[in-house]
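Below: one structure, written as structure tokens.
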Amino acid sequence: MATLLITHPDFLDHDTGFSHPERPDRMRAIDKVLGHESYNALERAEAPLREDVEEAILLVHPSHHLDRIKNTGESAKKRNGGLHLDTDTLMSAGSMEAALRAVGAGLDAVDAVMEGRAANAFCQIRPPGHHAETARPMGFCLFSNAAIAAKYARSRHGAERIAVVDFDVHHGNGTQEIFWSDQDLFYGSTHQMPLFPGTGELSETGVGNIWNAPLREGDAGETFRDAFNSRILGPLHDFGPDLIVISAGFDAHKRDPLGGLRLVEADFIWATEAIGKIAERHAKGRIVSVLEGGYDLDALAKSVGVHVRTLMDLGS
């Protein structure tokens, strides 16, 4: 089975304005890499506007959160300009459709891997999602894409134990908050501290299902790998997931302007391979990877390239 790549041109229409780090050029940079002939074996699909997308969103977010995002999106369309949900998080005329397609990409990816039509999947999407809390958009994020995919896997496909592994430089406070009290959902995160959003301490453990591995500014691959091994991989193995969702942020790269870690492409290969080994042992290799951060365009493109190549190798 092939690795499935899901994306859509409409992700370019989420207009965050001049100088915003989470910008449409991120998609263009990734397109250049994944458009190379060496990625011809990818199965490619467009992120859909699914009829059940709002139903899936409501597995995680209350209706008033969904209504706020929809209403803000409509207002942005009417004024044909950006509207801020907070200092960093805004919506333009094309943002609502992009956000719904981002969620839809995760749902389609879950369907494909759970039904055995793809070995694994990568969702090249924006806006990202791991900072969106149950009822609060923040940190560039409108809906919690990874958490929605996880809960959809449970409701639609009967997956009992689902893990989200997050190696973005920023802690996924939203995913953690959503998973906090559910022992059948696992959240493991490596991230820089102190850094936005200020969560992710070792002491934040939920009901024994939250595993944080905070790193310090300047930490590089060896420290990252040690933390990933000691704090994430062992508990993930013990958890025995039916499906692993990766919150694939690449802003821990040494060139990224929003973080201070020192990772390089080889570290993302290593992390993807390590997750893949556990997925193979417990989850029949089922991995759904969703794009989160990564704001230096060259580092982002190269890191996504090696991540997707590793997924392809795992599925072959």
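By convention in this document, the chains of the structure tokens carry letters A, B, ... by their order, each chain's residues are numbered from 1, and ligands are numbered from 1 in the order they are shown.
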* Asked: Near A:Leu261, within 12 Å and counting only C-alpha atoms, which residues show up once chain neighbours fewer than 3 positions away are dropped, as a ChimeraX atom specification?
  -> /A:167-170,190-195,214-224,250-258,264,267
Serialized selection, C-alpha atoms, as a PDB file, in the first residue's frame:
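Generated output (again-v2.pdb):
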```pdb
ATOM      1  CA  PHE A 167       7.192  17.026  18.059  1.00  0.00           C
ATOM      2  CA  ASP A 168       6.361  20.660  17.280  1.00  0.00           C
ATOM      3  CA  VAL A 169       8.612  23.138  19.110  1.00  0.00           C
ATOM      4  CA  HIS A 170       5.501  24.502  20.850  1.00  0.00           C
ATOM      5  CA  THR A 190       8.482  17.096  22.998  1.00  0.00           C
ATOM      6  CA  HIS A 191       8.681  20.890  23.006  1.00  0.00           C
ATOM      7  CA  GLN A 192      10.759  23.846  24.138  1.00  0.00           C
ATOM      8  CA  MET A 193      10.125  25.406  27.543  1.00  0.00           C
ATOM      9  CA  PRO A 194       9.795  28.194  28.404  1.00  0.00           C
ATOM     10  CA  LEU A 195       7.990  29.113  25.199  1.00  0.00           C
ATOM     11  CA  PRO A 214      10.114  19.634  27.788  1.00  0.00           C
ATOM     12  CA  LEU A 215      13.412  20.708  26.250  1.00  0.00           C
ATOM     13  CA  ARG A 216      15.524  23.810  26.821  1.00  0.00           C
ATOM     14  CA  GLU A 217      16.471  26.458  24.301  1.00  0.00           C
ATOM     15  CA  GLY A 218      19.565  25.308  22.455  1.00  0.00           C
ATOM     16  CA  ASP A 219      18.914  21.599  22.874  1.00  0.00           C
ATOM     17  CA  ALA A 220      19.859  19.616  19.784  1.00  0.00           C
ATOM     18  CA  GLY A 221      19.288  16.147  18.360  1.00  0.00           C
ATOM     19  CA  GLU A 222      20.954  14.035  21.037  1.00  0.00           C
ATOM     20  CA  THR A 223      18.957  15.620  23.849  1.00  0.00           C
ATOM     21  CA  PHE A 224      15.766  15.473  21.779  1.00  0.00           C
ATOM     22  CA  PHE A 250       8.905  21.238  12.068  1.00  0.00           C
ATOM     23  CA  ASP A 251       9.631  24.470  13.941  1.00  0.00           C
ATOM     24  CA  ALA A 252      12.065  22.651  16.231  1.00  0.00           C
ATOM     25  CA  HIS A 253      14.468  22.890  13.286  1.00  0.00           C
ATOM     26  CA  LYS A 254      17.569  24.952  14.041  1.00  0.00           C
ATOM     27  CA  ARG A 255      16.676  27.477  11.311  1.00  0.00           C
ATOM     28  CA  ASP A 256      13.149  28.206  12.513  1.00  0.00           C
ATOM     29  CA  PRO A 257      12.519  31.795  13.639  1.00  0.00           C
ATOM     30  CA  LEU A 258       9.875  30.943  16.268  1.00  0.00           C
ATOM     31  CA  VAL A 264      17.947  18.944  11.766  1.00  0.00           C
ATOM     32  CA  ASP A 267      16.164  14.057  13.772  1.00  0.00           C
TER      33      ASP A 267
END
```
* **Distance query A:Phe239 at most 12 Å, only C-alpha atoms, self and fewer than 3 positions along chain excluded, as a VMD selection string** => chain A and resid 160 to 164 183 to 188 208 to 211 232 to 236 242 to 244 278 to 279 281 to 283
Could you write out that same residue set with N, CA, C and O atoms as a compact mmCIF listing (two decimals), in the first residue's frame?
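Result file part.txt:
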```
# COMPACT_ATOMS: atom_id res chain seq x y z
N GLU A 160 -10.06 1.81 19.71
CA GLU A 160 -10.24 1.94 21.16
C GLU A 160 -9.18 2.80 21.82
O GLU A 160 -9.47 3.52 22.77
N ARG A 161 -7.95 2.72 21.33
CA ARG A 161 -6.85 3.43 21.97
C ARG A 161 -6.08 4.20 20.89
O ARG A 161 -5.50 3.60 20.00
N ILE A 162 -6.11 5.50 21.01
CA ILE A 162 -5.53 6.36 19.98
C ILE A 162 -4.51 7.29 20.62
O ILE A 162 -4.77 7.88 21.68
N ALA A 163 -3.37 7.42 19.97
CA ALA A 163 -2.29 8.26 20.47
C ALA A 163 -2.03 9.41 19.53
O ALA A 163 -2.07 9.24 18.30
N VAL A 164 -1.74 10.57 20.09
CA VAL A 164 -1.19 11.70 19.34
C VAL A 164 0.22 11.94 19.86
O VAL A 164 0.43 12.12 21.07
N GLN A 183 -8.55 8.18 29.54
CA GLN A 183 -7.43 7.25 29.66
C GLN A 183 -7.19 6.43 28.39
O GLN A 183 -6.14 5.80 28.25
N ASP A 184 -8.13 6.45 27.46
CA ASP A 184 -7.95 5.72 26.20
C ASP A 184 -7.40 6.60 25.08
O ASP A 184 -7.31 6.16 23.94
N LEU A 185 -7.06 7.84 25.43
CA LEU A 185 -6.37 8.74 24.51
C LEU A 185 -5.03 9.11 25.12
O LEU A 185 -4.95 9.46 26.29
N PHE A 186 -4.00 9.03 24.31
CA PHE A 186 -2.62 9.28 24.75
C PHE A 186 -2.11 10.53 24.07
O PHE A 186 -2.27 10.70 22.85
N TYR A 187 -1.45 11.41 24.83
CA TYR A 187 -0.78 12.57 24.24
C TYR A 187 0.65 12.61 24.74
O TYR A 187 0.90 12.65 25.95
N GLY A 188 1.60 12.59 23.79
CA GLY A 188 3.01 12.71 24.12
C GLY A 188 3.63 13.83 23.32
O GLY A 188 3.42 13.92 22.11
N GLY A 208 -2.84 9.99 33.78
CA GLY A 208 -1.75 9.08 33.46
C GLY A 208 -1.58 8.85 31.97
O GLY A 208 -0.81 7.97 31.57
N ASN A 209 -2.24 9.69 31.17
CA ASN A 209 -2.22 9.52 29.71
C ASN A 209 -1.50 10.66 28.99
O ASN A 209 -1.43 10.67 27.76
N ILE A 210 -0.95 11.60 29.75
CA ILE A 210 -0.24 12.75 29.18
C ILE A 210 1.25 12.60 29.52
O ILE A 210 1.62 12.46 30.68
N TRP A 211 2.08 12.66 28.48
CA TRP A 211 3.52 12.47 28.65
C TRP A 211 4.26 13.62 27.97
O TRP A 211 4.37 13.67 26.75
N ILE A 232 8.51 9.44 25.83
CA ILE A 232 7.42 9.25 24.87
C ILE A 232 7.31 7.79 24.42
O ILE A 232 6.25 7.17 24.53
N LEU A 233 8.39 7.24 23.92
CA LEU A 233 8.31 5.94 23.25
C LEU A 233 7.96 4.80 24.19
O LEU A 233 7.16 3.92 23.85
N GLY A 234 8.53 4.79 25.39
CA GLY A 234 8.20 3.73 26.33
C GLY A 234 6.74 3.74 26.73
O GLY A 234 6.05 2.72 26.61
N PRO A 235 6.22 4.88 27.20
CA PRO A 235 4.79 4.95 27.51
C PRO A 235 3.90 4.67 26.31
O PRO A 235 2.83 4.06 26.46
N LEU A 236 4.31 5.10 25.13
CA LEU A 236 3.52 4.83 23.92
C LEU A 236 3.44 3.33 23.65
O LEU A 236 2.37 2.81 23.32
N ASP A 242 -4.10 1.68 18.80
CA ASP A 242 -4.70 1.14 17.58
C ASP A 242 -4.40 2.04 16.38
O ASP A 242 -4.49 1.61 15.24
N LEU A 243 -4.09 3.29 16.65
CA LEU A 243 -3.80 4.29 15.62
C LEU A 243 -2.91 5.35 16.25
O LEU A 243 -3.12 5.73 17.41
N ILE A 244 -1.91 5.81 15.49
CA ILE A 244 -1.08 6.93 15.94
C ILE A 244 -1.29 8.11 15.02
O ILE A 244 -1.17 7.98 13.79
N ILE A 278 6.64 1.47 16.54
CA ILE A 278 5.57 1.20 17.50
C ILE A 278 4.24 1.02 16.78
O ILE A 278 3.43 0.14 17.13
N ALA A 279 4.02 1.81 15.73
CA ALA A 279 2.79 1.64 14.95
C ALA A 279 2.75 0.26 14.31
O ALA A 279 1.69 -0.39 14.27
N ARG A 281 4.13 -2.44 15.43
CA ARG A 281 3.97 -3.47 16.46
C ARG A 281 2.54 -3.52 17.00
O ARG A 281 2.01 -4.60 17.27
N HIS A 282 1.92 -2.36 17.16
CA HIS A 282 0.63 -2.31 17.86
C HIS A 282 -0.55 -1.94 16.97
O HIS A 282 -1.69 -2.30 17.29
N ALA A 283 -0.32 -1.18 15.89
CA ALA A 283 -1.42 -0.55 15.15
C ALA A 283 -1.43 -0.93 13.67
O ALA A 283 -2.00 -0.20 12.86
```
* To do: Quote the spacing between atom CA of A:Ala150 and atom CA of A:His64 in Å to one decimal place.
  => 21.2 Å
Taking only C-alpha atoms into account, produce a table as CSV in which each residue of stretch 188-221 of chain A with an atom at most 12 Å from an atom of stretch 132-141 of chain A appears once, together with its shortest atom pair and the distance in Å to one decimal, ordered by chain and rising number.
```
residue,atom,partner,partner_atom,distance
A:Phe196,CA,A:Gly139,CA,8.5
A:Pro197,CA,A:Gly139,CA,7.9
A:Gly198,CA,A:Gly139,CA,11.7
```
* Surrounding residues of A:Ala153 excluding itself and chain neighbours under 4 positions, 12 Å, only C-alpha atoms, as a ChimeraX atom specification -> /A:56,59,106-115,146-149,157-163,185,241-245,286-288
Convert the current residue selection to file output with N, CA and C atoms, as an mmCIF file, in the first residue's frame.
```
data_model
loop_
_atom_site.group_PDB
_atom_site.id
_atom_site.type_symbol
_atom_site.label_atom_id
_atom_site.label_comp_id
_atom_site.auth_asym_id
_atom_site.auth_seq_id
_atom_site.Cartn_x
_atom_site.Cartn_y
_atom_site.Cartn_z
ATOM 1 N N ALA A 56 -18.129 15.905 12.957
ATOM 2 C CA ALA A 56 -16.839 15.477 13.497
ATOM 3 C C ALA A 56 -16.245 16.549 14.403
ATOM 4 N N LEU A 59 -17.415 16.467 17.888
ATOM 5 C CA LEU A 59 -16.876 15.427 18.773
ATOM 6 C C LEU A 59 -15.876 16.017 19.754
ATOM 7 N N GLY A 106 -7.953 15.199 7.692
ATOM 8 C CA GLY A 106 -7.711 14.232 8.754
ATOM 9 C C GLY A 106 -8.724 13.108 8.769
ATOM 10 N N LEU A 107 -9.975 13.441 8.501
ATOM 11 C CA LEU A 107 -11.010 12.404 8.476
ATOM 12 C C LEU A 107 -10.781 11.428 7.325
ATOM 13 N N ASP A 108 -10.481 11.961 6.141
ATOM 14 C CA ASP A 108 -10.210 11.089 4.995
ATOM 15 C C ASP A 108 -8.979 10.225 5.231
ATOM 16 N N ALA A 109 -7.967 10.795 5.868
ATOM 17 C CA ALA A 109 -6.757 10.022 6.168
ATOM 18 C C ALA A 109 -7.063 8.891 7.133
ATOM 19 N N VAL A 110 -7.849 9.171 8.155
ATOM 20 C CA VAL A 110 -8.240 8.115 9.095
ATOM 21 C C VAL A 110 -9.018 7.020 8.370
ATOM 22 N N ASP A 111 -9.971 7.403 7.534
ATOM 23 C CA ASP A 111 -10.726 6.396 6.770
ATOM 24 C C ASP A 111 -9.782 5.515 5.957
ATOM 25 N N ALA A 112 -8.824 6.134 5.281
ATOM 26 C CA ALA A 112 -7.950 5.388 4.381
ATOM 27 C C ALA A 112 -7.081 4.392 5.136
ATOM 28 N N VAL A 113 -6.505 4.807 6.259
ATOM 29 C CA VAL A 113 -5.616 3.883 6.966
ATOM 30 C C VAL A 113 -6.406 2.850 7.767
ATOM 31 N N MET A 114 -7.548 3.221 8.308
ATOM 32 C CA MET A 114 -8.341 2.260 9.088
ATOM 33 C C MET A 114 -9.007 1.231 8.193
ATOM 34 N N GLU A 115 -9.314 1.611 6.970
ATOM 35 C CA GLU A 115 -9.942 0.678 6.028
ATOM 36 C C GLU A 115 -8.919 -0.068 5.179
ATOM 37 N N ALA A 146 -5.822 17.262 14.907
ATOM 38 C CA ALA A 146 -5.356 15.941 15.342
ATOM 39 C C ALA A 146 -6.342 15.299 16.313
ATOM 40 N N ALA A 147 -6.852 16.083 17.260
ATOM 41 C CA ALA A 147 -7.792 15.533 18.231
ATOM 42 C C ALA A 147 -9.098 15.116 17.563
ATOM 43 N N ILE A 148 -9.550 15.898 16.599
ATOM 44 C CA ILE A 148 -10.774 15.535 15.869
ATOM 45 C C ILE A 148 -10.555 14.236 15.112
ATOM 46 N N ALA A 149 -9.406 14.093 14.447
ATOM 47 C CA ALA A 149 -9.112 12.846 13.738
ATOM 48 C C ALA A 149 -9.109 11.664 14.695
ATOM 49 N N HIS A 157 -14.721 4.229 13.354
ATOM 50 C CA HIS A 157 -14.047 2.966 13.069
ATOM 51 C C HIS A 157 -13.853 2.084 14.299
ATOM 52 N N GLY A 158 -14.281 2.519 15.449
ATOM 53 C CA GLY A 158 -14.197 1.691 16.641
ATOM 54 C C GLY A 158 -12.796 1.537 17.202
ATOM 55 N N ALA A 159 -11.869 2.398 16.813
ATOM 56 C CA ALA A 159 -10.528 2.353 17.408
ATOM 57 C C ALA A 159 -10.659 2.644 18.903
ATOM 58 N N GLU A 160 -10.059 1.812 19.714
ATOM 59 C CA GLU A 160 -10.243 1.937 21.160
ATOM 60 C C GLU A 160 -9.177 2.798 21.821
ATOM 61 N N ARG A 161 -7.954 2.719 21.329
ATOM 62 C CA ARG A 161 -6.850 3.425 21.969
ATOM 63 C C ARG A 161 -6.081 4.196 20.894
ATOM 64 N N ILE A 162 -6.107 5.503 21.009
ATOM 65 C CA ILE A 162 -5.535 6.363 19.976
ATOM 66 C C ILE A 162 -4.509 7.291 20.624
ATOM 67 N N ALA A 163 -3.370 7.418 19.972
ATOM 68 C CA ALA A 163 -2.293 8.259 20.473
ATOM 69 C C ALA A 163 -2.029 9.414 19.526
ATOM 70 N N LEU A 185 -7.060 7.841 25.431
ATOM 71 C CA LEU A 185 -6.374 8.744 24.509
ATOM 72 C C LEU A 185 -5.026 9.110 25.119
ATOM 73 N N PRO A 241 -1.285 1.576 21.095
ATOM 74 C CA PRO A 241 -2.322 2.267 20.314
ATOM 75 C C PRO A 241 -2.832 1.453 19.138
ATOM 76 N N ASP A 242 -4.101 1.681 18.804
ATOM 77 C CA ASP A 242 -4.697 1.141 17.577
ATOM 78 C C ASP A 242 -4.404 2.039 16.381
ATOM 79 N N LEU A 243 -4.092 3.290 16.648
ATOM 80 C CA LEU A 243 -3.797 4.291 15.615
ATOM 81 C C LEU A 243 -2.910 5.347 16.247
ATOM 82 N N ILE A 244 -1.905 5.815 15.489
ATOM 83 C CA ILE A 244 -1.077 6.931 15.945
ATOM 84 C C ILE A 244 -1.290 8.112 15.016
ATOM 85 N N VAL A 245 -1.622 9.252 15.596
ATOM 86 C CA VAL A 245 -1.702 10.515 14.875
ATOM 87 C C VAL A 245 -0.462 11.324 15.248
ATOM 88 N N ARG A 286 -0.536 1.778 11.215
ATOM 89 C CA ARG A 286 -1.451 2.879 10.899
ATOM 90 C C ARG A 286 -0.992 4.192 11.533
ATOM 91 N N ILE A 287 -0.623 5.120 10.682
ATOM 92 C CA ILE A 287 -0.197 6.460 11.102
ATOM 93 C C ILE A 287 -0.910 7.486 10.236
ATOM 94 N N VAL A 288 -1.462 8.504 10.885
ATOM 95 C CA VAL A 288 -1.969 9.697 10.200
ATOM 96 C C VAL A 288 -1.158 10.873 10.719
#
```
* From stretch 48-154 of chain A, collect each residue whose DSSP state is helix (DSSP H, G or I) and return the set as number ranges by chain. => A: 53-57, 63-79, 95-114, 145-154
* Contacts of A:Ala99 within 9 Å, only C-alpha atoms, excl. fewer than 6 positions in-chain, as a ChimeraX atom specification -> /A:11,14,125-128,141-143,145
Selected residues written out, N, CA, C and O atoms, as a PDB file, in the first residue's frame:
```pdb
ATOM      1  N   PHE A  11      -5.980  25.843   0.656  1.00  0.00           N
ATOM      2  CA  PHE A  11      -5.196  26.208   1.833  1.00  0.00           C
ATOM      3  C   PHE A  11      -4.411  27.503   1.605  1.00  0.00           C
ATOM      4  O   PHE A  11      -4.015  28.168   2.563  1.00  0.00           O
ATOM      5  N   HIS A  14      -6.324  30.892   2.954  1.00  0.00           N
ATOM      6  CA  HIS A  14      -6.327  31.330   4.351  1.00  0.00           C
ATOM      7  C   HIS A  14      -5.267  32.420   4.467  1.00  0.00           C
ATOM      8  O   HIS A  14      -4.081  32.165   4.636  1.00  0.00           O
ATOM      9  N   ILE A 125      -1.721  20.573   5.408  1.00  0.00           N
ATOM     10  CA  ILE A 125      -2.880  21.409   5.666  1.00  0.00           C
ATOM     11  C   ILE A 125      -2.482  22.690   6.389  1.00  0.00           C
ATOM     12  O   ILE A 125      -1.409  22.807   6.960  1.00  0.00           O
ATOM     13  N   ARG A 126      -3.354  23.624   6.377  1.00  0.00           N
ATOM     14  CA  ARG A 126      -3.346  24.812   7.218  1.00  0.00           C
ATOM     15  C   ARG A 126      -4.768  25.348   7.262  1.00  0.00           C
ATOM     16  O   ARG A 126      -5.509  25.123   6.314  1.00  0.00           O
ATOM     17  N   PRO A 127      -5.192  26.008   8.328  1.00  0.00           N
ATOM     18  CA  PRO A 127      -4.422  26.337   9.504  1.00  0.00           C
ATOM     19  C   PRO A 127      -4.095  25.110  10.354  1.00  0.00           C
ATOM     20  O   PRO A 127      -4.780  24.087  10.254  1.00  0.00           O
ATOM     21  N   PRO A 128      -3.029  25.211  11.178  1.00  0.00           N
ATOM     22  CA  PRO A 128      -2.694  24.106  12.082  1.00  0.00           C
ATOM     23  C   PRO A 128      -3.730  23.976  13.182  1.00  0.00           C
ATOM     24  O   PRO A 128      -4.722  24.732  13.201  1.00  0.00           O
ATOM     25  N   CYS A 141      -4.476  28.563  15.422  1.00  0.00           N
ATOM     26  CA  CYS A 141      -5.290  27.353  15.259  1.00  0.00           C
ATOM     27  C   CYS A 141      -6.771  27.637  15.494  1.00  0.00           C
ATOM     28  O   CYS A 141      -7.137  28.321  16.464  1.00  0.00           O
ATOM     29  N   LEU A 142      -7.624  27.083  14.642  1.00  0.00           N
ATOM     30  CA  LEU A 142      -9.071  27.258  14.752  1.00  0.00           C
ATOM     31  C   LEU A 142      -9.747  26.017  15.306  1.00  0.00           C
ATOM     32  O   LEU A 142     -10.558  26.095  16.231  1.00  0.00           O
ATOM     33  N   PHE A 143      -9.449  24.857  14.735  1.00  0.00           N
ATOM     34  CA  PHE A 143      -9.986  23.574  15.190  1.00  0.00           C
ATOM     35  C   PHE A 143      -8.824  22.632  15.491  1.00  0.00           C
ATOM     36  O   PHE A 143      -7.766  22.705  14.854  1.00  0.00           O
ATOM     37  N   ASN A 145      -7.247  19.769  14.757  1.00  0.00           N
ATOM     38  CA  ASN A 145      -7.284  18.780  13.677  1.00  0.00           C
ATOM     39  C   ASN A 145      -6.906  17.379  14.138  1.00  0.00           C
ATOM     40  O   ASN A 145      -7.569  16.395  13.790  1.00  0.00           O
TER      41      ASN A 145
END
```
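Remark: for A:Ile6, the closest of the candidate residues A:Gly104, A:Gly294, A:Gly260, A:Gly73 is A:Gly104 (distances computed over only C-alpha atoms).
Nearest to A:Ala102 of all the residues A:Leu202, A:Cys123, A:Ala299, A:Val165 is A:Cys123, counting only C-alpha atoms.
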